[in-house]
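Since the structure comes first, as C-alpha cells, the remarks are kept for the end.
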Amino acid sequence: MQFSLGPILYNWAPEQWRDFYFRIADESSVDTVVIGEIVCSKRAPFFAPHLAAVLERLQAAGKQVLLGSLILVSQRRERRQTEELAQTSDFLVEVNDITCLKSLAGRAHAIGPFINVYNEATGVFHAERGARRLCLPPELPLSSIAAIAAALPHAMVEVFAFGRVPLAISARCYHARIHKLHKDNCRFICDKNPDGLVLNTLANEEFLTINGVQTLSHSVANLLGDIDALKLAGVGSLRLSPQDCDMVGVVEVFRDVVEGREDANGGNLRLSRIYPHAAFSNGFLHGKAGFSYMGPLVPT
C-alpha cells in the first residue's frame with residue numbers, strides 16, 4: 001500500500017505553503033505528492049515564486065510528483081493555464097476537469113477524485129486513454145471500488161482516505177459573498193480560514209465547510225480502520241488530503257497501521273491528538289450517510 005499527499009485545497013500563505021512541502025520532502029514517508037492550485041486560479045500567482053524550489057526538493061527526496069489541474073475551468077485564462085500545464089513533460093498531470101483530457105491526448109496522466117469515475121466502464125475508458133493512476137471519488141462504497149479496481153489491473157487505484165471530503169465546486173465564491181465582496185474583488189479573504197470556514201445549519205449544527213468556491217464536508221474522512229478491506233479490494237494507494245495540522249504525523253500514523261506497527265484503535269487515538277476536535281467519518285465507504293463513522297469493514 002502506497003500513500004499520496006493530495007494538493008493543498010486551502011489558501012495558505014505562500015511561505016507556509018512552501019515550508020509545508022519542504023517538511024513533507026524532508027520528514028515524510030509519503031510516496032507521491034500532488035501539487036498545484038486546483039481550487040481557485042486567482043491564488044496560483046502567490047505560490048508561483050516557490051514552485052520550482054518545492055518541486056526540486058520533493059524530487060530530491062525521491063517523491064513522485066504530480067501536477068494537479070483546476071477542478072473547474074470556466075474562463076479563457078484558465079483554459080490557457082490548463083493547456084500549458086498539460087504541455088509540461090517533466091511531470092505526470094493529474095486531471096481534475098474533463099476539459100484537460102483534450103490537451104493530454106496520447107500521453108500518460110493521472111485522474112483525480114473530481115472526475116466522475118463511478119463504474120468499471122468509465123475506469124477502463126480512462127485507462128485506455130493513458131490514465132496510469134485513478135484516485136476515485138470519495139463518495140464511492142467499497143463494492144464499487146472493488147469492481148473498478150478489478151477492471152484496472154494495470155493502473156494504480158487510489159482512494160481518498162483522510163481529510164475534509166470535497167463535495168462541490170462552483171463559479172460563485174462563497175467566501176466573498178459572506179463578506180459582502182464581489183468575486184473579482186474578493187481580497188483573497190479565504191486566507192483567513194486555513195482549514196476552511198465552518199457552515200452551521202439554522203439549528204446551529206456544524207454541517208459543511210466553505211473554501212472559496214469549494215464546498216467540503218465538516219467531518220474529516222478517516223479510513224484507518226478499513227485498510228484491510230481496501231487492500232483486499234485492490235486499492236494500491238491511500239490519499240491523505242492536507243489539513244491545518246501535522247500532516248507528517250498523519251502520514252506516519254497511516255504508515256504504522258498499514259505496516260502492522262499499530263492497530264486502528266491506537267492509530268485513531270494518535271490522529272485525535274494530531275487533529276483535535278475533528279469529527280471523523282467513513283460513511284461513504286460503508287454505503288451510509290457520508291458524515292457517519294462506522295466500525296471497520298470485514299474483509300471478504
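By convention here, the chains of the C-alpha cells are called A, B, ... in the order presented, each chain's residues are numbered starting at 1, and ligands are numbered starting at 1 in the order presented.
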query: Hey, what's within 6 Å of segment 108-122 of chain A if we count only C-alpha atoms and toss same-chain stuff fewer than 2 positions away? As an MDAnalysis selection string, please?
result: chainID A and resid 92:96 124:125 130:137 148 151
Asp226 of chain A environment, 12 Å, only C-alpha atoms, sequence neighbours closer than 4 positions dropped, as a ChimeraX atom specification: /A:141-142,159,161-162,221-222,230-233,235,238,254,257-258,263-265,268,281-286,293-299
- request: Considering only C-alpha atoms, return as a list in words whatever protein or nucleic-acid residues lie within 12 Å of Gly249 of chain A, sequence-local ones (same chain, fewer than 6 positions apart) excluded.
  value: Arg23, Ile24, Glu27, Ser28, Ser29, Val30, Leu240, Pro242, Gln243, Arg255, Asp256, Gly267, Arg270, Leu271, Ser272, Arg273, Ile274 and Tyr275 of chain A
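If you look at atom CA of Gly6 of chain A and atom CA of Pro166 of chain A, they are 11.6 Å away from each other.
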field: Residue list (helix (DSSP H, G or I), DSSP) for segment 17-238 of chain A, as a ChimeraX atom specification
entry: /A:17-27,41-60,76-86,100-103,120-128,142-150,174-178,183-185,189-192,224-232
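Within 10 Å of Phe20 of chain A, once only C-alpha atoms are used and residues closer than 2 positions along the same chain are dropped, the contacting residues are Ile8, Trp12, Pro14, Glu15, Gln16, Trp17, Arg18, Phe22, Arg23, Ile24, Ala25, Val54, Pro242, Asp246, Met247 and Val248 of chain A.
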Output file for the selection above: C-alpha atoms, as a short mmCIF file (atom, residue, chain, number, x, y, z; two decimals), in the first residue's frame:
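selection39.cif, freshly written:
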```
data_model
loop_
_atom_site.label_atom_id
_atom_site.label_comp_id
_atom_site.auth_asym_id
_atom_site.auth_seq_id
_atom_site.Cartn_x
_atom_site.Cartn_y
_atom_site.Cartn_z
CA ILE A 8 -3.46 21.81 -0.64
CA TRP A 12 -2.34 29.26 2.81
CA PRO A 14 2.97 31.41 0.30
CA GLU A 15 5.73 30.84 2.86
CA GLN A 16 3.56 28.41 4.81
CA TRP A 17 2.78 26.60 1.54
CA ARG A 18 6.49 26.36 0.67
CA PHE A 22 9.77 21.28 2.33
CA ARG A 23 8.86 19.41 5.51
CA ILE A 24 6.96 16.76 3.54
CA ALA A 25 10.08 16.25 1.42
CA VAL A 54 9.38 22.92 -3.95
CA PRO A 242 -3.65 18.30 3.70
CA ASP A 246 0.72 17.94 11.49
CA MET A 247 0.41 16.08 8.18
CA VAL A 248 3.80 14.40 8.64
#
```
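Across A:Asp31, A:Glu158, A:Asp191, A:Glu84, the tightest approach to Arg43 of chain A is made by A:Asp191 when counting only C-alpha atoms.
Listed by chain and then by rising number, the residues of segment 128-210 of chain A that DSSP assigns to strand (DSSP E or B) from the backbone are Ala131, Arg132, Arg133, Leu134, Cys135, Met156, Val157, Glu158, Val159, Phe160, Ala161, Phe162, Gly163, Arg164, Val165, Pro166, Leu167, Ala168, Ile169, Leu197, Val198, Leu199, Asn200, Glu206, Phe207, Leu208, Thr209 and Ile210 of chain A.
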Written file, previous selection with N, CA and C atoms, as a PDB file, in the first residue's frame:
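Written out: selection_19.pdb:
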```pdb
ATOM      1  N   ALA A 131      -4.526   6.914 -18.664  1.00  0.00           N
ATOM      2  CA  ALA A 131      -4.536   7.099 -17.209  1.00  0.00           C
ATOM      3  C   ALA A 131      -3.742   5.976 -16.543  1.00  0.00           C
ATOM      4  N   ARG A 132      -2.697   6.339 -15.818  1.00  0.00           N
ATOM      5  CA  ARG A 132      -1.876   5.353 -15.106  1.00  0.00           C
ATOM      6  C   ARG A 132      -2.255   5.264 -13.631  1.00  0.00           C
ATOM      7  N   ARG A 133      -2.915   6.297 -13.139  1.00  0.00           N
ATOM      8  CA  ARG A 133      -3.386   6.340 -11.749  1.00  0.00           C
ATOM      9  C   ARG A 133      -4.805   6.899 -11.760  1.00  0.00           C
ATOM     10  N   LEU A 134      -5.652   6.369 -10.894  1.00  0.00           N
ATOM     11  CA  LEU A 134      -7.005   6.904 -10.754  1.00  0.00           C
ATOM     12  C   LEU A 134      -7.329   7.014  -9.271  1.00  0.00           C
ATOM     13  N   CYS A 135      -7.507   8.254  -8.793  1.00  0.00           N
ATOM     14  CA  CYS A 135      -7.986   8.471  -7.437  1.00  0.00           C
ATOM     15  C   CYS A 135      -9.503   8.577  -7.541  1.00  0.00           C
ATOM     16  N   MET A 156      -2.877   2.143 -11.125  1.00  0.00           N
ATOM     17  CA  MET A 156      -2.894   2.339  -9.673  1.00  0.00           C
ATOM     18  C   MET A 156      -4.240   2.924  -9.271  1.00  0.00           C
ATOM     19  N   VAL A 157      -4.966   2.201  -8.438  1.00  0.00           N
ATOM     20  CA  VAL A 157      -6.259   2.684  -7.948  1.00  0.00           C
ATOM     21  C   VAL A 157      -6.074   3.229  -6.539  1.00  0.00           C
ATOM     22  N   GLU A 158      -6.569   4.434  -6.339  1.00  0.00           N
ATOM     23  CA  GLU A 158      -6.348   5.151  -5.085  1.00  0.00           C
ATOM     24  C   GLU A 158      -7.689   5.609  -4.514  1.00  0.00           C
ATOM     25  N   VAL A 159      -7.772   5.679  -3.185  1.00  0.00           N
ATOM     26  CA  VAL A 159      -8.977   6.200  -2.555  1.00  0.00           C
ATOM     27  C   VAL A 159      -8.614   7.350  -1.618  1.00  0.00           C
ATOM     28  N   PHE A 160      -9.592   8.226  -1.406  1.00  0.00           N
ATOM     29  CA  PHE A 160      -9.443   9.385  -0.534  1.00  0.00           C
ATOM     30  C   PHE A 160      -9.616   8.892   0.899  1.00  0.00           C
ATOM     31  N   ALA A 161      -8.541   8.886   1.689  1.00  0.00           N
ATOM     32  CA  ALA A 161      -8.551   8.208   2.990  1.00  0.00           C
ATOM     33  C   ALA A 161      -8.479   9.130   4.188  1.00  0.00           C
ATOM     34  N   PHE A 162      -8.127  10.405   3.994  1.00  0.00           N
ATOM     35  CA  PHE A 162      -8.047  11.329   5.126  1.00  0.00           C
ATOM     36  C   PHE A 162      -8.245  12.755   4.643  1.00  0.00           C
ATOM     37  N   GLY A 163      -9.047  13.519   5.391  1.00  0.00           N
ATOM     38  CA  GLY A 163      -9.237  14.939   5.105  1.00  0.00           C
ATOM     39  C   GLY A 163     -10.698  15.279   4.910  1.00  0.00           C
ATOM     40  N   ARG A 164     -10.988  16.571   4.952  1.00  0.00           N
ATOM     41  CA  ARG A 164     -12.356  17.011   4.672  1.00  0.00           C
ATOM     42  C   ARG A 164     -12.710  16.614   3.241  1.00  0.00           C
ATOM     43  N   VAL A 165     -13.892  16.048   3.066  1.00  0.00           N
ATOM     44  CA  VAL A 165     -14.269  15.474   1.774  1.00  0.00           C
ATOM     45  C   VAL A 165     -14.736  16.575   0.821  1.00  0.00           C
ATOM     46  N   PRO A 166     -14.110  16.705  -0.347  1.00  0.00           N
ATOM     47  CA  PRO A 166     -14.592  17.678  -1.337  1.00  0.00           C
ATOM     48  C   PRO A 166     -15.927  17.228  -1.914  1.00  0.00           C
ATOM     49  N   LEU A 167     -16.917  18.111  -1.858  1.00  0.00           N
ATOM     50  CA  LEU A 167     -18.272  17.748  -2.276  1.00  0.00           C
ATOM     51  C   LEU A 167     -18.731  18.477  -3.529  1.00  0.00           C
ATOM     52  N   ALA A 168     -18.355  19.747  -3.681  1.00  0.00           N
ATOM     53  CA  ALA A 168     -18.862  20.519  -4.824  1.00  0.00           C
ATOM     54  C   ALA A 168     -17.930  21.680  -5.128  1.00  0.00           C
ATOM     55  N   ILE A 169     -18.035  22.171  -6.359  1.00  0.00           N
ATOM     56  CA  ILE A 169     -17.281  23.339  -6.800  1.00  0.00           C
ATOM     57  C   ILE A 169     -18.243  24.246  -7.556  1.00  0.00           C
ATOM     58  N   LEU A 197     -13.933  27.430   6.319  1.00  0.00           N
ATOM     59  CA  LEU A 197     -14.895  28.137   7.161  1.00  0.00           C
ATOM     60  C   LEU A 197     -16.096  27.233   7.409  1.00  0.00           C
ATOM     61  N   VAL A 198     -16.332  26.910   8.672  1.00  0.00           N
ATOM     62  CA  VAL A 198     -17.420  26.000   9.019  1.00  0.00           C
ATOM     63  C   VAL A 198     -18.771  26.680   8.807  1.00  0.00           C
ATOM     64  N   LEU A 199     -19.684  25.963   8.165  1.00  0.00           N
ATOM     65  CA  LEU A 199     -21.036  26.441   7.916  1.00  0.00           C
ATOM     66  C   LEU A 199     -21.994  25.701   8.841  1.00  0.00           C
ATOM     67  N   ASN A 200     -22.792  26.452   9.587  1.00  0.00           N
ATOM     68  CA  ASN A 200     -23.757  25.861  10.504  1.00  0.00           C
ATOM     69  C   ASN A 200     -25.162  25.875   9.907  1.00  0.00           C
ATOM     70  N   GLU A 206     -22.933  22.134  13.166  1.00  0.00           N
ATOM     71  CA  GLU A 206     -21.869  22.206  12.168  1.00  0.00           C
ATOM     72  C   GLU A 206     -22.176  21.243  11.034  1.00  0.00           C
ATOM     73  N   PHE A 207     -22.154  21.754   9.795  1.00  0.00           N
ATOM     74  CA  PHE A 207     -22.717  20.992   8.681  1.00  0.00           C
ATOM     75  C   PHE A 207     -21.732  20.800   7.531  1.00  0.00           C
ATOM     76  N   LEU A 208     -21.208  21.898   6.994  1.00  0.00           N
ATOM     77  CA  LEU A 208     -20.293  21.851   5.851  1.00  0.00           C
ATOM     78  C   LEU A 208     -19.107  22.771   6.126  1.00  0.00           C
ATOM     79  N   THR A 209     -18.156  22.766   5.199  1.00  0.00           N
ATOM     80  CA  THR A 209     -17.005  23.668   5.270  1.00  0.00           C
ATOM     81  C   THR A 209     -16.869  24.391   3.938  1.00  0.00           C
ATOM     82  N   ILE A 210     -16.669  25.682   3.997  1.00  0.00           N
ATOM     83  CA  ILE A 210     -16.544  26.510   2.794  1.00  0.00           C
ATOM     84  C   ILE A 210     -15.078  26.853   2.562  1.00  0.00           C
TER      85      ILE A 210
END
```
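Coordinates place atom CA of Val250 of chain A at a distance of 11.4 Å from atom CA of Leu269 of chain A.
Coordinates place atom CA of Ala53 of chain A at a distance of 27.6 Å from atom CA of Val253 of chain A.
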